[in-house]
>>> print(open('model.txt').read())   # compact mmCIF, C-alpha atoms
# COMPACT_ATOMS: atom_id res chain seq x y z
CA MET A 1 -0.81 3.58 -9.22
CA VAL A 2 -4.22 4.94 -8.32
CA TYR A 3 -3.01 8.52 -8.07
CA GLY A 4 -1.05 8.17 -11.30
CA ILE A 5 -4.11 7.05 -13.25
CA ILE A 6 -7.04 9.04 -11.87
CA GLN A 7 -5.25 11.73 -9.81
CA LEU A 8 -6.98 10.59 -6.63
CA ILE A 9 -5.38 10.18 -3.21
CA ASN A 10 -7.01 6.96 -2.01
CA PHE A 11 -7.12 7.68 1.72
CA ALA A 12 -8.86 4.32 2.27
CA HIS A 13 -5.75 2.45 1.05
CA GLY A 14 -4.33 2.31 4.56
CA GLU A 15 -7.55 0.77 5.84
CA ILE A 16 -7.28 -1.98 3.19
CA TYR A 17 -3.80 -2.64 4.60
CA MET A 18 -5.32 -2.86 8.08
CA ILE A 19 -8.16 -5.16 6.95
CA GLY A 20 -5.63 -7.46 5.28
CA ALA A 21 -3.77 -7.77 8.59
CA PHE A 22 -7.00 -8.57 10.49
CA VAL A 23 -8.06 -11.19 7.94
CA ALA A 24 -4.61 -12.79 8.15
CA LEU A 25 -4.86 -12.83 11.95
CA ILE A 26 -8.20 -14.66 11.80
CA VAL A 27 -6.95 -17.13 9.19
CA ALA A 28 -3.71 -17.72 11.10
CA GLY A 29 -5.66 -18.43 14.28
CA ALA A 30 -7.90 -20.95 12.51
CA LEU A 31 -4.96 -22.70 10.82
CA THR A 32 -3.03 -22.87 14.09
CA ILE A 33 -5.94 -24.71 15.71
CA TYR A 34 -5.71 -27.31 12.93
CA GLY A 35 -1.99 -27.78 13.51
CA PHE A 36 -0.48 -25.99 10.51
CA SER A 37 3.16 -24.85 10.78
CA GLY A 38 4.34 -21.25 10.47
CA TRP A 39 5.71 -21.65 6.95
CA ALA A 40 2.36 -23.05 5.81
CA ILE A 41 0.29 -20.47 7.67
CA LEU A 42 2.13 -17.41 6.28
CA PRO A 43 1.41 -17.95 2.54
CA LEU A 44 -2.12 -19.23 3.18
CA ALA A 45 -2.99 -16.29 5.44
CA ALA A 46 -1.44 -13.84 2.94
CA LEU A 47 -3.39 -15.43 0.07
CA VAL A 48 -6.74 -15.21 1.84
CA ALA A 49 -5.99 -11.65 2.99
CA ALA A 50 -5.03 -10.65 -0.56
CA VAL A 51 -8.24 -12.06 -2.05
CA TYR A 52 -10.34 -10.43 0.66
CA ALA A 53 -8.58 -7.07 0.28
CA GLY A 54 -8.83 -7.24 -3.52
CA ALA A 55 -12.60 -7.64 -3.19
CA TYR A 56 -12.68 -4.65 -0.83
CA GLY A 57 -10.65 -2.54 -3.26
CA TYR A 58 -12.95 -3.43 -6.16
CA THR A 59 -16.05 -2.66 -4.09
CA LEU A 60 -14.66 0.67 -2.92
CA GLU A 61 -13.92 1.74 -6.48
CA ARG A 62 -17.39 0.77 -7.69
CA ILE A 63 -19.30 2.34 -4.80
CA ALA A 64 -17.29 5.33 -3.62
CA TYR A 65 -15.20 6.48 -6.60
CA ARG A 66 -16.70 5.48 -9.95
CA PRO A 67 -19.98 7.41 -9.49
CA LEU A 68 -17.87 10.54 -8.85
CA ARG A 69 -15.58 10.08 -11.87
CA GLN A 70 -16.93 13.19 -13.60
CA ALA A 71 -17.51 15.20 -10.41
CA PRO A 72 -15.24 18.03 -9.25
CA ARG A 73 -11.94 16.72 -7.88
CA LEU A 74 -12.85 17.64 -4.31
CA SER A 75 -15.84 15.24 -4.30
CA PRO A 76 -13.93 11.94 -4.71
CA LEU A 77 -11.33 13.20 -2.23
CA ILE A 78 -14.03 13.73 0.41
CA SER A 79 -15.49 10.34 -0.49
CA ALA A 80 -12.06 8.72 0.05
CA ILE A 81 -11.76 10.31 3.50
CA GLY A 82 -15.28 9.16 4.33
CA MET A 83 -14.53 5.58 3.30
CA SER A 84 -11.36 5.63 5.41
CA LEU A 85 -13.30 6.69 8.50
CA PHE A 86 -16.09 4.22 7.75
CA LEU A 87 -13.70 1.26 7.45
CA GLN A 88 -11.84 2.24 10.61
CA ASN A 89 -15.02 2.36 12.65
CA TYR A 90 -16.43 -0.74 10.99
CA VAL A 91 -13.40 -2.81 12.00
CA MET A 92 -13.34 -1.23 15.47
CA LEU A 93 -16.96 -2.27 16.07
CA ALA A 94 -16.63 -5.66 14.39
CA GLN A 95 -13.38 -6.57 16.20
CA THR A 96 -12.07 -4.48 19.11
CA PRO A 97 -10.59 -1.01 19.71
CA ASP A 98 -7.66 -2.60 21.57
CA PHE A 99 -4.38 -3.85 20.17
CA LEU A 100 -4.40 -7.54 19.33
CA PRO A 101 -1.31 -9.77 19.40
CA PHE A 102 -0.27 -10.91 15.92
CA PRO A 103 1.56 -14.24 15.73
CA GLY A 104 5.14 -14.27 14.47
CA LEU A 105 4.54 -16.21 11.27
CA ILE A 106 8.13 -15.85 10.05
CA PRO A 107 10.42 -18.34 11.83
CA GLU A 108 14.03 -17.50 12.56
CA PHE A 109 16.66 -18.71 10.08
CA ALA A 110 19.51 -20.61 11.72
CA LEU A 111 21.99 -19.32 9.13
CA LEU A 112 21.26 -15.73 10.19
CA GLU A 113 22.25 -16.26 13.83
CA PRO A 114 25.75 -14.70 13.40
CA VAL A 115 24.20 -11.50 11.99
CA ALA A 116 20.91 -11.57 13.90
CA HIS A 117 21.80 -8.24 15.56
CA ILE A 118 21.97 -6.65 12.09
CA VAL A 119 19.19 -8.35 10.12
CA GLY A 120 16.63 -10.89 11.25
CA SER A 121 14.58 -13.37 9.28
CA ALA A 122 11.51 -11.12 9.32
CA GLU A 123 13.44 -8.21 7.82
CA LEU A 124 14.97 -10.51 5.20
CA VAL A 125 11.59 -11.96 4.20
CA ILE A 126 10.04 -8.50 3.98
CA LEU A 127 12.93 -7.24 1.83
CA ALA A 128 12.82 -10.28 -0.47
CA THR A 129 9.03 -10.13 -0.81
CA SER A 130 9.11 -6.39 -1.54
CA THR A 131 11.77 -6.91 -4.22
CA LEU A 132 9.85 -9.73 -5.89
CA LEU A 133 6.61 -7.75 -5.84
CA MET A 134 8.35 -4.68 -7.27
CA VAL A 135 9.85 -6.71 -10.13
CA GLY A 136 6.56 -8.50 -10.77
CA LEU A 137 4.58 -5.27 -10.79
CA THR A 138 7.10 -3.64 -13.14
CA VAL A 139 6.84 -6.59 -15.55
CA LEU A 140 3.04 -6.45 -15.33
CA ILE A 141 2.90 -2.76 -16.20
CA ARG A 142 5.57 -2.78 -18.91
CA CYS A 143 5.08 -6.13 -20.64
CA THR A 144 1.42 -7.12 -20.44
CA ARG A 145 -1.68 -5.99 -22.28
CA ILE A 146 -3.41 -4.73 -19.14
CA GLY A 147 -0.20 -2.94 -18.15
CA LYS A 148 -0.08 -1.11 -21.45
CA ALA A 149 -3.74 -0.17 -20.98
CA MET A 150 -2.88 1.19 -17.52
CA ARG A 151 -0.08 3.32 -18.94
CA ALA A 152 -2.32 4.61 -21.72
CA THR A 153 -5.05 5.48 -19.22
CA GLN A 154 -2.51 7.29 -17.06
CA GLN A 155 -1.25 9.31 -20.00
CA ASP A 156 -4.64 10.38 -21.36
CA LEU A 157 -7.84 8.88 -19.98
CA ALA A 158 -10.12 10.37 -22.64
CA MET A 159 -7.92 9.28 -25.54
CA ALA A 160 -7.56 5.79 -24.07
CA ARG A 161 -11.33 5.50 -24.06
CA LEU A 162 -11.50 6.69 -27.67
CA VAL A 163 -9.10 4.00 -28.89
CA GLY A 164 -11.20 1.24 -27.32
CA ILE A 165 -9.66 0.73 -23.88
CA ASP A 166 -12.17 -0.17 -21.19
CA VAL A 167 -11.09 2.58 -18.79
CA ASP A 168 -13.45 1.50 -16.01
CA ARG A 169 -12.04 -2.04 -16.12
CA VAL A 170 -8.47 -0.72 -16.04
CA ILE A 171 -9.17 1.50 -13.04
CA SER A 172 -10.92 -1.33 -11.17
CA PHE A 173 -7.97 -3.61 -11.88
CA THR A 174 -5.61 -0.96 -10.56
CA PHE A 175 -7.57 -0.73 -7.32
CA VAL A 176 -7.56 -4.51 -6.97
CA ILE A 177 -3.80 -4.80 -7.53
CA GLY A 178 -3.11 -1.98 -5.08
CA SER A 179 -5.36 -3.59 -2.46
CA VAL A 180 -3.68 -6.99 -2.88
CA LEU A 181 -0.25 -5.42 -2.34
CA ALA A 182 -1.55 -3.50 0.69
CA ALA A 183 -2.87 -6.72 2.24
CA ILE A 184 0.44 -8.53 1.77
CA GLY A 185 2.20 -5.58 3.39
CA GLY A 186 -0.23 -5.69 6.31
CA VAL A 187 0.43 -9.40 6.87
CA LEU A 188 4.22 -9.02 6.80
CA VAL A 189 4.35 -5.90 8.96
CA GLY A 190 1.84 -7.35 11.43
CA SER A 191 3.98 -10.46 11.78
CA TYR A 192 7.07 -8.30 12.24
CA LEU A 193 5.60 -5.89 14.83
CA GLY A 194 3.57 -8.52 16.68
CA GLN A 195 0.41 -6.44 17.18
CA ILE A 196 -2.32 -4.73 15.18
CA ASN A 197 -5.39 -2.60 15.80
CA PHE A 198 -8.03 -0.77 13.79
CA ALA A 199 -5.96 2.44 13.47
CA ILE A 200 -2.70 1.06 12.06
CA GLY A 201 -3.73 1.84 8.49
CA PHE A 202 -4.04 5.61 8.78
CA MET A 203 -0.38 6.49 9.35
CA ALA A 204 0.74 3.63 7.09
CA GLY A 205 -1.38 5.06 4.26
CA ILE A 206 -0.07 8.58 4.78
CA LYS A 207 3.53 7.40 4.78
CA ALA A 208 2.98 5.13 1.78
CA PHE A 209 1.72 8.07 -0.24
CA THR A 210 4.59 10.19 1.07
CA ALA A 211 7.07 7.53 -0.08
CA ALA A 212 5.45 7.43 -3.52
CA VAL A 213 5.66 11.22 -3.84
CA LEU A 214 9.22 11.19 -2.54
CA GLY A 215 10.34 8.59 -5.09
CA GLY A 216 8.27 10.01 -7.92
CA ILE A 217 4.61 9.39 -8.77
CA GLY A 218 4.34 6.65 -11.39
CA SER A 219 7.74 5.10 -10.66
CA ILE A 220 7.61 1.73 -8.90
CA PRO A 221 11.35 1.66 -8.04
CA GLY A 222 10.92 5.28 -6.94
CA ALA A 223 8.19 4.29 -4.48
CA VAL A 224 10.46 1.61 -3.00
CA LEU A 225 13.37 4.05 -2.84
CA GLY A 226 11.14 6.65 -1.21
CA GLY A 227 10.03 4.10 1.38
CA LEU A 228 13.64 3.20 2.20
CA ILE A 229 14.63 6.87 2.58
CA LEU A 230 11.57 7.53 4.73
CA GLY A 231 12.31 4.52 6.96
CA LEU A 232 16.01 5.38 7.31
CA SER A 233 15.14 8.98 8.20
CA GLU A 234 12.82 7.80 10.95
CA ALA A 235 15.30 5.24 12.27
CA LEU A 236 18.18 7.72 12.38
CA ALA A 237 16.02 10.38 14.00
CA ALA A 238 14.78 7.93 16.62
CA GLY A 239 18.29 6.64 17.31
CA TYR A 240 20.27 9.88 17.39
CA VAL A 241 17.68 12.48 18.43
CA SER A 242 14.40 11.18 19.89
CA SER A 243 11.69 8.78 18.83
CA ALA A 244 9.20 11.61 19.39
CA TYR A 245 10.67 13.45 16.39
CA GLU A 246 10.94 10.60 13.87
CA ASP A 247 7.89 11.75 11.89
CA VAL A 248 9.20 15.34 11.87
CA PHE A 249 12.49 14.23 10.31
CA ALA A 250 10.77 11.96 7.80
CA PHE A 251 8.45 14.63 6.49
CA GLY A 252 11.25 17.20 6.69
CA VAL A 253 13.22 15.06 4.21
CA LEU A 254 10.15 14.99 1.98
CA VAL A 255 9.84 18.77 2.00
CA LEU A 256 13.55 19.18 1.29
CA ILE A 257 13.61 16.78 -1.67
CA LEU A 258 10.41 18.13 -3.20
CA THR A 259 11.75 21.65 -2.87
CA LEU A 260 14.87 20.66 -4.79
CA ARG A 261 13.19 18.16 -7.13
CA PRO A 262 9.38 18.57 -7.29
CA SER A 263 8.89 15.50 -9.50
CA GLY A 264 10.50 13.22 -6.90
CA LEU A 265 13.77 11.34 -6.99
CA LEU A 266 12.98 9.06 -9.92
CA GLY A 267 9.92 10.82 -11.30
CA ARG A 268 9.68 12.65 -14.58
CA ALA A 269 8.68 16.27 -14.79
CA SER A 270 5.29 16.56 -16.48
CA ARG A 271 5.00 18.71 -19.57
CA SER A 272 1.78 20.09 -20.93
CA LYS A 273 1.20 21.64 -24.30
CA VAL A 274 -0.45 25.03 -24.36
>>> encode(input="model.txt", output="structure tokens")
Amino acid sequence: MVYGIIQLINFAHGEIYMIGAFVALIVAGALTIYGFSGWAILPLAALVAAVYAGAYGYTLERIAYRPLRQAPRLSPLISAIGMSLFLQNYVMLAQTPDFLPFPGLIPEFALLEPVAHIVGSAELVILATSTLLMVGLTVLIRCTRIGKAMRATQQDLAMARLVGIDVDRVISFTFVIGSVLAAIGGVLVGSYLGQINFAIGFMAGIKAFTAAVLGGIGSIPGAVLGGLILGLSEALAAGYVSSAYEDVFAFGVLVLILTLRPSGLLGRASRSKV
């Protein structure tokens, strides 16, 4: 969403994902001490992480990106890289450079025992949550007033401002929504993998952007489809070739698809009038 609206690769997005996971870990630890169950801890930890990450996203946009809105395109890109490094080191110093165990907040479903070797409860919850968030985000963008303002800003930022749209508010809202989704992803993936550290956001951010480009910038179903293709490519490469080459295969698929279809799988080719 951020790239679609202001043509900026938000390299700090992965660090928001990482911060959401750390916040959820702290909240989960506190709730466990007070005797909360896993099903109660998961939504509460995700909610607190989402609010915290949304505040981070809003602050990043106001401090690091908005002052450079009219600057050359290289300036906000460098600022994004700087914020990514700053947040990584900030969390490393505030927490620890080591991996921390993340509690399994998603309990096993008894009804999935016959197919547990194919799909577990964590995978099912992640899939269901991703689907619900995709549908909700699509409805938000297509059917609400702020969603229409986001689409107008994406199409022509200057014209959107001329017709009375508060462009700064729309962009801030976009950063907040993106940060909330990143935090929820960090909580779910942290619970699935069982460990987190300060560096988990970098590769996650790179692959998230790769999935968005693969599916088509501006297409929410395309981003999900791109993520599935990227994940399947890595899994097949790790299973049939070597886990050392999973990233090579994943990005090789990206190069192949963008060579054949530069706009992505579900993206639309941009046309400009001359």
>>> residues_near_point(input="model.txt", point="(11.1, -8.4, 4.6)", cutoff="12 Å", atoms="only C-alpha atoms", output="list in words")
Ile106, Val119, Gly120, Ser121, Ala122, Glu123, Leu124, Val125, Ile126, Leu127, Ala128, Thr129, Ser130, Thr131, Leu132, Leu133, Ile184, Gly185, Gly186, Val187, Leu188, Val189, Gly190, Ser191, Tyr192 and Leu193 of chain A
>>> atom_distance(input="model.txt", atom1="atom CA of A:Gly14", atom2="atom CA of A:Val51")
16.3 Å
>>> atom_distance(input="model.txt", atom1="atom CA of A:Ile146", atom2="atom CA of A:Ile6")
16.0 Å
>>> residues_around(input="model.txt", residues="stretch 167-175 of chain A", least_positions_apart="4", cutoff="7 Å", atoms="all atoms listed in the file", output="list of chain:residue names")
A:Met1, A:Val2, A:Gly57, A:Tyr58, A:Glu61, A:Ala149, A:Met150, A:Thr153, A:Arg161, A:Ser179
>>> closest_atom_pairs(input="model.txt", of="stretch 126-239 of chain A", to="stretch 80-86 of chain A", cutoff="12 Å", atoms="only C-alpha atoms", output="tab-separated table")
residue	atom	partner	partner_atom	distance
A:Phe198	CA	A:Leu85	CA	10.6
A:Ala199	CA	A:Leu85	CA	9.8
A:Ile200	CA	A:Ser84	CA	11.8
A:Gly201	CA	A:Ser84	CA	9.1
A:Phe202	CA	A:Ser84	CA	8.1
A:Met203	CA	A:Ser84	CA	11.7
A:Gly205	CA	A:Ser84	CA	10.1
A:Ile206	CA	A:Ser84	CA	11.7
>>> closest_residue(input="model.txt", among="A:Met18, A:Ile165, A:Leu266, A:Val176", to="A:Ala212", atoms="only C-alpha atoms")
A:Leu266
>>> residues_near_point(input="model.txt", point="(11.7, 5.0, -0.1)", cutoff="9 Å", atoms="all atoms listed in the file", output="PyMOL selection string")
chain A and resi 208+210-212+214-215+221-232
>>> atom_distance(input="model.txt", atom1="atom CA of A:Gly35", atom2="atom CA of A:Leu100")
21.2 Å
>>> residues_around(input="model.txt", residues="A:Leu25", least_positions_apart="5", cutoff="8 Å", atoms="all atoms listed in the file", output="list in words")
Ala45, Phe102 and Pro103 of chain A
>>> closest_residue(input="model.txt", among="A:Ile196, A:Leu157, A:Leu44, A:Leu60", to="A:Thr96", atoms="all atoms listed in the file")
A:Ile196
>>> build_atoms(input="model.txt", residues="stretch 235-270 of chain A", atoms="N, CA and C atoms", output="PDB file, keeping the file's coordinate frame")
ATOM      1  N   ALA A 235      14.425   6.027  11.401  1.00  0.00           N
ATOM      2  CA  ALA A 235      15.300   5.240  12.270  1.00  0.00           C
ATOM      3  C   ALA A 235      16.454   6.078  12.806  1.00  0.00           C
ATOM      4  N   LEU A 236      17.068   6.878  11.941  1.00  0.00           N
ATOM      5  CA  LEU A 236      18.180   7.720  12.380  1.00  0.00           C
ATOM      6  C   LEU A 236      17.717   8.788  13.357  1.00  0.00           C
ATOM      7  N   ALA A 237      16.550   9.365  13.087  1.00  0.00           N
ATOM      8  CA  ALA A 237      16.020  10.380  14.000  1.00  0.00           C
ATOM      9  C   ALA A 237      15.704   9.780  15.361  1.00  0.00           C
ATOM     10  N   ALA A 238      15.111   8.569  15.351  1.00  0.00           N
ATOM     11  CA  ALA A 238      14.780   7.930  16.620  1.00  0.00           C
ATOM     12  C   ALA A 238      16.039   7.511  17.384  1.00  0.00           C
ATOM     13  N   GLY A 239      17.085   7.110  16.661  1.00  0.00           N
ATOM     14  CA  GLY A 239      18.290   6.640  17.310  1.00  0.00           C
ATOM     15  C   GLY A 239      19.204   7.746  17.816  1.00  0.00           C
ATOM     16  N   TYR A 240      19.308   8.830  17.050  1.00  0.00           N
ATOM     17  CA  TYR A 240      20.270   9.880  17.390  1.00  0.00           C
ATOM     18  C   TYR A 240      19.629  11.125  18.011  1.00  0.00           C
ATOM     19  N   VAL A 241      18.330  11.295  17.851  1.00  0.00           N
ATOM     20  CA  VAL A 241      17.680  12.480  18.430  1.00  0.00           C
ATOM     21  C   VAL A 241      16.649  12.023  19.465  1.00  0.00           C
ATOM     22  N   SER A 242      15.464  11.658  18.997  1.00  0.00           N
ATOM     23  CA  SER A 242      14.400  11.180  19.890  1.00  0.00           C
ATOM     24  C   SER A 242      13.326  10.525  19.043  1.00  0.00           C
ATOM     25  N   SER A 243      12.746   9.461  19.574  1.00  0.00           N
ATOM     26  CA  SER A 243      11.690   8.780  18.830  1.00  0.00           C
ATOM     27  C   SER A 243      10.457   9.663  18.661  1.00  0.00           C
ATOM     28  N   ALA A 244      10.345  10.701  19.500  1.00  0.00           N
ATOM     29  CA  ALA A 244       9.200  11.610  19.390  1.00  0.00           C
ATOM     30  C   ALA A 244       9.284  12.477  18.143  1.00  0.00           C
ATOM     31  N   TYR A 245      10.490  12.566  17.529  1.00  0.00           N
ATOM     32  CA  TYR A 245      10.670  13.450  16.390  1.00  0.00           C
ATOM     33  C   TYR A 245      10.887  12.689  15.077  1.00  0.00           C
ATOM     34  N   GLU A 246      10.643  11.368  15.076  1.00  0.00           N
ATOM     35  CA  GLU A 246      10.940  10.600  13.870  1.00  0.00           C
ATOM     36  C   GLU A 246      10.046  11.025  12.695  1.00  0.00           C
ATOM     37  N   ASP A 247       8.778  11.320  12.971  1.00  0.00           N
ATOM     38  CA  ASP A 247       7.890  11.750  11.890  1.00  0.00           C
ATOM     39  C   ASP A 247       8.286  13.137  11.381  1.00  0.00           C
ATOM     40  N   VAL A 248       8.765  13.995  12.277  1.00  0.00           N
ATOM     41  CA  VAL A 248       9.200  15.340  11.870  1.00  0.00           C
ATOM     42  C   VAL A 248      10.363  15.239  10.893  1.00  0.00           C
ATOM     43  N   PHE A 249      11.336  14.381  11.188  1.00  0.00           N
ATOM     44  CA  PHE A 249      12.490  14.230  10.310  1.00  0.00           C
ATOM     45  C   PHE A 249      12.074  13.610   8.969  1.00  0.00           C
ATOM     46  N   ALA A 250      11.188  12.626   9.023  1.00  0.00           N
ATOM     47  CA  ALA A 250      10.770  11.960   7.800  1.00  0.00           C
ATOM     48  C   ALA A 250      10.093  12.932   6.849  1.00  0.00           C
ATOM     49  N   PHE A 251       9.148  13.699   7.356  1.00  0.00           N
ATOM     50  CA  PHE A 251       8.450  14.630   6.490  1.00  0.00           C
ATOM     51  C   PHE A 251       9.310  15.849   6.164  1.00  0.00           C
ATOM     52  N   GLY A 252      10.287  16.152   7.020  1.00  0.00           N
ATOM     53  CA  GLY A 252      11.250  17.200   6.690  1.00  0.00           C
ATOM     54  C   GLY A 252      12.086  16.823   5.473  1.00  0.00           C
ATOM     55  N   VAL A 253      12.489  15.541   5.390  1.00  0.00           N
ATOM     56  CA  VAL A 253      13.220  15.060   4.210  1.00  0.00           C
ATOM     57  C   VAL A 253      12.348  15.176   2.968  1.00  0.00           C
ATOM     58  N   LEU A 254      11.061  14.862   3.110  1.00  0.00           N
ATOM     59  CA  LEU A 254      10.150  14.990   1.980  1.00  0.00           C
ATOM     60  C   LEU A 254      10.078  16.423   1.479  1.00  0.00           C
ATOM     61  N   VAL A 255       9.911  17.358   2.401  1.00  0.00           N
ATOM     62  CA  VAL A 255       9.840  18.770   2.000  1.00  0.00           C
ATOM     63  C   VAL A 255      11.127  19.212   1.316  1.00  0.00           C
ATOM     64  N   LEU A 256      12.267  18.789   1.860  1.00  0.00           N
ATOM     65  CA  LEU A 256      13.550  19.180   1.290  1.00  0.00           C
ATOM     66  C   LEU A 256      13.718  18.654  -0.131  1.00  0.00           C
ATOM     67  N   ILE A 257      13.416  17.379  -0.341  1.00  0.00           N
ATOM     68  CA  ILE A 257      13.610  16.780  -1.670  1.00  0.00           C
ATOM     69  C   ILE A 257      12.624  17.364  -2.672  1.00  0.00           C
ATOM     70  N   LEU A 258      11.383  17.573  -2.261  1.00  0.00           N
ATOM     71  CA  LEU A 258      10.410  18.130  -3.200  1.00  0.00           C
ATOM     72  C   LEU A 258      10.678  19.598  -3.495  1.00  0.00           C
ATOM     73  N   THR A 259      11.350  20.273  -2.580  1.00  0.00           N
ATOM     74  CA  THR A 259      11.750  21.650  -2.870  1.00  0.00           C
ATOM     75  C   THR A 259      12.842  21.675  -3.927  1.00  0.00           C
ATOM     76  N   LEU A 260      13.776  20.718  -3.828  1.00  0.00           N
ATOM     77  CA  LEU A 260      14.870  20.660  -4.790  1.00  0.00           C
ATOM     78  C   LEU A 260      14.487  19.942  -6.071  1.00  0.00           C
ATOM     79  N   ARG A 261      13.607  18.948  -5.961  1.00  0.00           N
ATOM     80  CA  ARG A 261      13.190  18.160  -7.130  1.00  0.00           C
ATOM     81  C   ARG A 261      11.698  17.849  -6.997  1.00  0.00           C
ATOM     82  N   PRO A 262      10.826  18.723  -7.490  1.00  0.00           N
ATOM     83  CA  PRO A 262       9.380  18.570  -7.290  1.00  0.00           C
ATOM     84  C   PRO A 262       8.797  17.282  -7.865  1.00  0.00           C
ATOM     85  N   SER A 263       9.418  16.722  -8.898  1.00  0.00           N
ATOM     86  CA  SER A 263       8.890  15.500  -9.500  1.00  0.00           C
ATOM     87  C   SER A 263       9.276  14.244  -8.731  1.00  0.00           C
ATOM     88  N   GLY A 264      10.046  14.385  -7.658  1.00  0.00           N
ATOM     89  CA  GLY A 264      10.500  13.220  -6.900  1.00  0.00           C
ATOM     90  C   GLY A 264      11.849  12.742  -7.394  1.00  0.00           C
ATOM     91  N   LEU A 265      12.419  11.780  -6.680  1.00  0.00           N
ATOM     92  CA  LEU A 265      13.770  11.340  -6.990  1.00  0.00           C
ATOM     93  C   LEU A 265      13.877  10.678  -8.361  1.00  0.00           C
ATOM     94  N   LEU A 266      12.933   9.782  -8.662  1.00  0.00           N
ATOM     95  CA  LEU A 266      12.980   9.060  -9.920  1.00  0.00           C
ATOM     96  C   LEU A 266      11.806   9.394 -10.844  1.00  0.00           C
ATOM     97  N   GLY A 267      11.057  10.426 -10.474  1.00  0.00           N
ATOM     98  CA  GLY A 267       9.920  10.820 -11.300  1.00  0.00           C
ATOM     99  C   GLY A 267      10.335  11.697 -12.469  1.00  0.00           C
ATOM    100  N   ARG A 268       9.445  11.817 -13.405  1.00  0.00           N
ATOM    101  CA  ARG A 268       9.680  12.650 -14.580  1.00  0.00           C
ATOM    102  C   ARG A 268       8.822  13.908 -14.489  1.00  0.00           C
ATOM    103  N   ALA A 269       9.426  15.006 -14.805  1.00  0.00           N
ATOM    104  CA  ALA A 269       8.680  16.270 -14.790  1.00  0.00           C
ATOM    105  C   ALA A 269       7.621  16.237 -15.880  1.00  0.00           C
ATOM    106  N   SER A 270       6.395  16.578 -15.517  1.00  0.00           N
ATOM    107  CA  SER A 270       5.290  16.560 -16.480  1.00  0.00           C
ATOM    108  C   SER A 270       5.337  17.801 -17.349  1.00  0.00           C
TER     109      SER A 270
END
